[in-house]
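Okay, my_file.csv is below, CSV, C-alpha atoms:
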```
chain,number,residue,atom,x,y,z
F,211,MET,CA,-19.4,16.1,-9.6
F,212,ASP,CA,-16.2,18.3,-9.5
F,213,MET,CA,-13.3,16.1,-10.4
F,214,SER,CA,-10.8,18.9,-10.7
F,215,SER,CA,-9.1,17.9,-7.5
F,216,GLU,CA,-6.7,15.0,-7.6
F,217,ILE,CA,-4.8,13.2,-4.8
F,218,ARG,CA,-1.7,11.3,-5.7
F,219,LEU,CA,-0.8,8.1,-3.9
F,220,ALA,CA,1.7,5.4,-4.0
F,221,ALA,CA,1.4,1.7,-3.0
F,222,ALA,CA,4.0,-0.9,-2.2
F,223,VAL,CA,3.5,-4.6,-3.0
F,224,VAL,CA,6.3,-5.7,-0.8
F,225,VAL,CA,7.6,-9.2,-1.7
F,226,HIS,CA,10.1,-11.3,0.2
F,227,GLY,CA,10.7,-15.0,-0.1
F,228,GLY,CA,7.7,-15.4,-2.5
F,229,ARG,CA,5.3,-13.8,0.0
F,230,VAL,CA,3.5,-10.5,-0.1
F,231,LEU,CA,3.2,-8.2,2.9
F,232,LEU,CA,-0.3,-7.2,3.9
F,233,VAL,CA,-1.2,-4.8,6.7
F,234,ARG,CA,-4.5,-4.5,8.5
F,235,ARG,CA,-5.5,-0.8,8.9
F,236,SER,CA,-6.3,0.5,12.4
F,237,GLU,CA,-9.9,0.7,13.4
F,238,THR,CA,-9.3,4.4,14.1
F,239,GLU,CA,-8.6,5.2,10.4
F,240,ARG,CA,-11.2,7.3,8.7
F,241,PHE,CA,-10.6,5.6,5.4
F,242,LEU,CA,-11.2,1.8,5.2
F,243,PRO,CA,-10.8,1.0,9.0
F,244,GLY,CA,-9.8,-2.6,9.7
F,245,VAL,CA,-9.2,-3.5,6.0
F,246,TRP,CA,-6.2,-5.5,5.0
F,247,GLY,CA,-4.1,-4.1,2.1
F,248,VAL,CA,-0.7,-3.1,0.9
F,249,PRO,CA,1.2,-0.2,2.4
F,250,CYS,CA,0.0,2.9,0.7
F,251,GLY,CA,-0.3,6.6,1.2
F,252,LYS,CA,-0.5,10.2,-0.1
F,253,LEU,CA,2.5,11.8,-1.7
F,254,GLU,CA,3.9,14.9,-0.2
F,255,PRO,CA,4.0,18.1,-2.4
F,256,GLY,CA,6.8,17.7,-4.9
F,257,GLU,CA,7.5,14.1,-3.9
F,258,SER,CA,8.1,11.6,-6.7
F,259,PRO,CA,5.9,8.4,-6.5
F,260,GLY,CA,9.1,6.3,-6.1
F,261,ASP,CA,10.3,8.3,-3.1
F,262,GLY,CA,6.8,8.5,-1.7
F,263,VAL,CA,6.2,4.8,-1.7
F,264,LEU,CA,9.4,4.1,0.2
F,265,ARG,CA,8.6,6.9,2.8
F,266,GLU,CA,5.1,5.4,3.3
F,267,LEU,CA,6.5,1.9,3.6
F,268,LYS,CA,8.9,3.1,6.4
F,269,GLU,CA,6.1,5.1,8.1
F,270,GLU,CA,3.6,2.3,8.0
F,271,THR,CA,5.8,-0.8,8.6
F,272,GLY,CA,9.3,0.4,9.7
F,273,LEU,CA,10.7,-1.4,6.7
F,274,LEU,CA,13.3,0.0,4.4
F,275,GLY,CA,12.8,-0.9,0.7
F,276,ARG,CA,14.1,-0.8,-2.8
F,277,VAL,CA,11.7,-0.2,-5.7
F,278,GLU,CA,12.0,-2.9,-8.3
F,279,CYS,CA,9.6,-1.5,-10.8
F,280,ARG,CA,6.3,0.3,-11.3
F,281,VAL,CA,3.6,-2.4,-11.8
F,282,GLY,CA,0.6,-0.3,-12.6
F,283,GLU,CA,-1.9,2.3,-11.6
F,284,SER,CA,-5.2,2.4,-9.7
F,285,SER,CA,-7.7,5.1,-9.2
F,286,PHE,CA,-10.8,5.7,-7.2
F,287,VAL,CA,-13.1,8.5,-6.1
F,288,SER,CA,-13.4,9.5,-2.5
F,289,ASP,CA,-14.8,12.1,-0.2
F,290,TYR,CA,-12.1,14.5,1.1
F,291,ARG,CA,-13.1,17.3,3.4
F,292,GLY,CA,-16.7,17.3,2.0
F,293,ARG,CA,-15.9,17.1,-1.7
F,294,GLU,CA,-15.3,14.4,-4.2
F,295,VAL,CA,-11.7,13.9,-5.3
F,296,LYS,CA,-10.1,11.6,-7.7
F,297,ASN,CA,-7.3,9.5,-6.2
F,298,ARG,CA,-4.6,8.3,-8.6
F,299,GLN,CA,-2.2,5.8,-7.3
F,300,ASP,CA,1.1,4.4,-8.7
F,301,ASN,CA,1.7,0.8,-7.6
F,302,PHE,CA,5.2,-0.5,-7.2
F,303,LEU,CA,6.9,-3.9,-6.6
F,304,VAL,CA,9.2,-3.3,-3.6
F,305,ARG,CA,11.8,-5.6,-2.0
F,306,PRO,CA,12.7,-5.1,1.7
F,307,VAL,CA,16.3,-4.3,2.4
F,308,GLY,CA,18.5,-4.4,5.5
F,309,ASP,CA,19.4,-6.9,8.2
F,310,ARG,CA,15.8,-7.8,9.3
F,311,PRO,CA,13.5,-7.6,6.3
F,312,HIS,CA,10.7,-9.5,8.2
F,313,THR,CA,10.6,-7.2,11.2
F,314,ILE,CA,7.5,-5.1,11.0
F,315,LEU,CA,6.9,-2.1,13.3
F,316,LEU,CA,3.2,-1.0,13.1
F,317,PRO,CA,2.2,2.5,14.3
F,318,HIS,CA,-1.1,1.4,16.0
F,319,PRO,CA,-1.5,-1.4,18.5
F,320,ASP,CA,-4.7,-2.7,16.8
F,321,GLN,CA,-3.0,-3.2,13.5
F,322,ALA,CA,-1.6,-6.5,12.2
F,323,ALA,CA,0.7,-7.6,9.4
F,324,ALA,CA,1.1,-10.9,7.6
F,325,TRP,CA,3.4,-12.3,4.9
F,326,LEU,CA,1.2,-14.3,2.6
F,327,ALA,CA,1.7,-16.5,-0.4
F,328,PRO,CA,-0.3,-15.0,-3.3
F,329,THR,CA,-2.6,-18.0,-3.2
F,330,ASP,CA,-3.4,-17.3,0.5
F,331,LEU,CA,-4.8,-13.8,0.2
F,332,ASP,CA,-8.3,-15.1,1.1
F,333,SER,CA,-7.1,-15.9,4.6
F,334,VAL,CA,-7.5,-12.2,5.5
F,335,GLU,CA,-10.2,-9.7,4.7
F,336,ILE,CA,-8.6,-8.0,1.7
F,337,ASP,CA,-10.8,-5.9,-0.5
F,338,ALA,CA,-11.0,-6.1,-4.3
F,339,TYR,CA,-9.1,-2.9,-4.8
F,340,ASN,CA,-6.0,-4.2,-2.8
F,341,ARG,CA,-6.4,-7.6,-4.4
F,342,ASP,CA,-6.1,-5.9,-7.8
F,343,ILE,CA,-2.9,-4.1,-6.7
F,344,VAL,CA,-1.3,-7.4,-5.7
F,345,ALA,CA,-2.4,-8.9,-9.0
F,346,GLN,CA,-0.7,-6.1,-10.9
F,347,ALA,CA,2.6,-7.1,-9.3
F,348,LEU,CA,2.4,-10.9,-9.8
F,349,PRO,CA,3.7,-11.0,-13.4
F,350,PHE,CA,6.9,-9.2,-12.2
F,351,LEU,CA,7.8,-11.7,-9.5
```
Any chance you could put this one into structure tokens?
Amino acid sequence: MDMSSEIRLAAAVVVHGGRVLLVRRSETERFLPGVWGVPCGKLEPGESPGDGVLRELKEETGLLGRVECRVGESSFVSDYRGREVKNRQDNFLVRPVGDRPHTILLPHPDQAAAWLAPTDLDSVEIDAYNRDIVAQALPFL
């Protein structure tokens, strides 16, 4: 297994009013279609994780945010263009900013979003990986 390649990602645990934002991925996504999770994506070349998490948040939800703190790191191995790569992800606690912090604009019509209390995560199909990301942020709330 060639682990020399690494993809850097950043994830946002967005919290507002004691609730966490989860987004259901589009069924057209190649990676984890239809799965509920936190906004997350690949960093652009030269982009810092803090800048990348806010860019991904805006692209995936339309929200503007402020990074409160880095809450942890996650990693997984995936297949990218026919080869195994290590994905290393920085996870951040993010607060929405602006006039309408609850207004979510999703890029795909088959997506959904929900603001859930940490005790209500089981009300959607969230995987263990995303559940762990949310758990990393809970001590910082």
When you draw a straight line from CA of Ala322 (chain F) to CA of Leu267 (chain F), how long is it in Å? 14.5 Å
Interatomic distance between CA of Glu283 (chain F) and CA of Thr313 (chain F)?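 About the pair CA of Glu283 (chain F) and CA of Thr313 (chain F): they are 27.7 Å apart.
Note that CA of Ile314 (chain F) and CA of Gly272 (chain F) are 5.9 Å apart.
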Pick the closest to Asp342 (chain F) from F:Leu316, F:Ala221, F:Ala323, F:Val277: which is it, counting all atoms listed in the file? F:Ala221
Pick the closest to Trp246 (chain F) from F:Pro349, F:Ser333, F:Ile217, F:Glu278: which is it, counting only C-alpha atoms? F:Ser333
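Shell of His318 (chain F) at 12 Å, with only C-alpha atoms counted and residues fewer than 4 places along the chain excluded, is Val233, Arg234, Arg235, Ser236, Glu237, Thr238, Glu239, Pro243, Gly244, Glu269, Glu270, Thr271, Ile314, Ala322 and Ala323 of chain F.
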Find the residues around Ala338 (chain F) up to 12 Å (all atoms listed in the file counted), leave out those fewer than 4 positions away in its own chain, and share them as a short mmCIF file (atom, residue, chain, number, x, y, z; two decimals) with C-alpha atoms, in the coordinates of the input.
```cif
data_model
loop_
_atom_site.label_atom_id
_atom_site.label_comp_id
_atom_site.auth_asym_id
_atom_site.auth_seq_id
_atom_site.Cartn_x
_atom_site.Cartn_y
_atom_site.Cartn_z
CA VAL F 245 -9.20 -3.50 6.00
CA TRP F 246 -6.20 -5.50 5.00
CA GLY F 247 -4.10 -4.10 2.10
CA VAL F 248 -0.70 -3.10 0.90
CA SER F 284 -5.20 2.40 -9.70
CA LEU F 331 -4.80 -13.80 0.20
CA ASP F 332 -8.30 -15.10 1.10
CA ASP F 342 -6.10 -5.90 -7.80
CA ILE F 343 -2.90 -4.10 -6.70
CA VAL F 344 -1.30 -7.40 -5.70
CA ALA F 345 -2.40 -8.90 -9.00
#
```
Looking at only C-alpha atoms, which of F:Arg240, F:Arg218, F:His226, F:Arg276 is the one that sits closest to Val295 (chain F)?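 Closest to Val295 (chain F) of all the choices is F:Arg218.
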